[in-house]
Amino acid sequence: MGVIMEAPEIYNMPGHYIRRLHQISVSVFADRVARAGHALTPVQFAAISAIASNPGIDQATLSGLIAYDRVTIGGVIDRLEQKGLVRREISERDRRAKVLHLTEIGLDEFEQVKVVVQSLQREVLSGLTPEEQETLLQLMRKAAEAGNKLSRAPLRQPLA
């Protein structure tokens, strides 16, 4: 006879479901991107997406734009540079600073992976109707904006 188990207390905690949705999202991302023949992590994709939108961005600004730790972003850029997707150049405004650009290969990779990433977004929330997906996205955005100052790597919105 099996043991009857009670649901853990965490089943009533938003942090548990945030962690689970993150696990699901990363798993689907890794699977779909690999199936499409690419080798990028979600953070690498975020970085090349931000660089594509902001050619010549510096690493510190990039880390704020994607809410990623400033120290750790260097390793992300190192790996993207090793893959031939990103190049670092000395800034014309500050010779001590380096700015980031996508290579032609990097831009091509971004355009291809962007299609895959856009299509998998619906899959991550496939148990919800389109209206529920939009509502959840709005609520997640609101919660993230409200808690941004609590983060070790706060999101810094671009200036309009």
# chains A, B, ... in the order shown; residues from 1 in each chain; ligands from 1

$ residues_around --residues "Ile51 (chain A)" --least-positions-apart "4" --cutoff "12 Å" --atoms "only C-alpha atoms" --output "list of chain:residue names"
A:Gln44, A:Phe45, A:Ala46, A:Ala47, A:Pro55, A:Gly56, A:Ile57, A:Asp58, A:Gln59, A:Thr61, A:Leu62, A:Ser63, A:Leu65, A:Ile66, A:Ile77, A:Leu80, A:Leu85, A:Val86, A:Arg87, A:Arg88, A:Val99, A:Leu100, A:His101, A:Leu102, A:Thr103, A:Gly106, A:Leu107, A:Phe110

$ closest_atom_pairs --of "region 65-117 of chain A" --to "region 148-155 of chain A" --cutoff "6 Å" --atoms "only C-alpha atoms" --output "Markdown table"
| residue | atom | partner | partner_atom | distance |
| --- | --- | --- | --- | --- |
| A:Leu65 | CA | A:Leu155 | CA | 5.8 |
| A:Ala67 | CA | A:Leu155 | CA | 4.3 |
| A:Tyr68 | CA | A:Ala153 | CA | 5.3 |
| A:Asp69 | CA | A:Ala153 | CA | 5.1 |

$ select_by_dssp --residues "region 114-143 of chain A" --states "helix (DSSP H, G or I)" --output "short mmCIF file (atom, residue, chain, number, x, y, z; two decimals) with N, CA and C atoms, in the first residue's frame"
data_model
loop_
_atom_site.label_atom_id
_atom_site.label_comp_id
_atom_site.auth_asym_id
_atom_site.auth_seq_id
_atom_site.Cartn_x
_atom_site.Cartn_y
_atom_site.Cartn_z
N LYS A 114 16.00 34.22 -33.46
CA LYS A 114 14.87 35.06 -33.05
C LYS A 114 13.54 34.43 -33.48
N VAL A 115 13.50 33.87 -34.67
CA VAL A 115 12.28 33.22 -35.17
C VAL A 115 11.92 32.03 -34.28
N VAL A 116 12.92 31.24 -33.90
CA VAL A 116 12.70 30.08 -33.03
C VAL A 116 12.21 30.54 -31.66
N VAL A 117 12.86 31.54 -31.11
CA VAL A 117 12.51 32.02 -29.77
C VAL A 117 11.10 32.62 -29.76
N GLN A 118 10.76 33.36 -30.79
CA GLN A 118 9.41 33.93 -30.86
C GLN A 118 8.37 32.82 -30.90
N SER A 119 8.64 31.77 -31.64
CA SER A 119 7.64 30.69 -31.76
C SER A 119 7.52 29.87 -30.48
N LEU A 120 8.58 29.73 -29.72
CA LEU A 120 8.48 28.91 -28.51
C LEU A 120 7.80 29.63 -27.35
N GLN A 121 7.63 30.93 -27.45
CA GLN A 121 6.99 31.67 -26.36
C GLN A 121 5.57 31.15 -26.09
N ARG A 122 4.84 30.87 -27.14
CA ARG A 122 3.48 30.34 -26.98
C ARG A 122 3.50 28.96 -26.33
N GLU A 123 4.52 28.19 -26.65
CA GLU A 123 4.64 26.83 -26.12
C GLU A 123 4.87 26.83 -24.61
N VAL A 124 5.65 27.79 -24.12
CA VAL A 124 5.95 27.87 -22.69
C VAL A 124 4.67 28.05 -21.88
N PRO A 130 -4.87 32.55 -25.22
CA PRO A 130 -4.12 33.77 -25.60
C PRO A 130 -4.41 34.95 -24.68
N GLU A 131 -5.66 35.10 -24.26
CA GLU A 131 -6.02 36.19 -23.35
C GLU A 131 -5.35 36.00 -21.99
N GLU A 132 -5.33 34.77 -21.50
CA GLU A 132 -4.68 34.49 -20.22
C GLU A 132 -3.17 34.70 -20.33
N GLN A 133 -2.59 34.34 -21.46
CA GLN A 133 -1.15 34.56 -21.67
C GLN A 133 -0.84 36.05 -21.59
N GLU A 134 -1.66 36.87 -22.24
CA GLU A 134 -1.44 38.32 -22.22
C GLU A 134 -1.61 38.88 -20.81
N THR A 135 -2.62 38.40 -20.09
CA THR A 135 -2.83 38.85 -18.71
C THR A 135 -1.65 38.46 -17.83
N LEU A 136 -1.17 37.22 -17.97
CA LEU A 136 -0.03 36.77 -17.18
C LEU A 136 1.20 37.62 -17.51
N LEU A 137 1.44 37.89 -18.77
CA LEU A 137 2.58 38.71 -19.17
C LEU A 137 2.50 40.09 -18.54
N GLN A 138 1.31 40.70 -18.57
CA GLN A 138 1.12 42.02 -17.96
C GLN A 138 1.40 41.98 -16.46
N LEU A 139 0.90 40.93 -15.79
CA LEU A 139 1.10 40.81 -14.34
C LEU A 139 2.57 40.53 -14.01
N MET A 140 3.24 39.69 -14.80
CA MET A 140 4.67 39.43 -14.57
C MET A 140 5.48 40.70 -14.76
N ARG A 141 5.16 41.46 -15.81
CA ARG A 141 5.86 42.72 -16.06
C ARG A 141 5.66 43.68 -14.89
N LYS A 142 4.43 43.77 -14.40
CA LYS A 142 4.12 44.66 -13.27
C LYS A 142 4.87 44.23 -12.01
N ALA A 143 4.89 42.93 -11.72
CA ALA A 143 5.59 42.43 -10.53
C ALA A 143 7.10 42.64 -10.67
#

$ select_by_dssp --residues "region 91-143 of chain A" --states "strand (DSSP E or B)" --output "list of chain:residue names"
A:Lys98, A:Val99, A:Leu100, A:His101, A:Leu102

$ atom_distance --atom1 "CA of Asn54 (chain A)" --atom2 "CA of Pro158 (chain A)"
9.9 Å
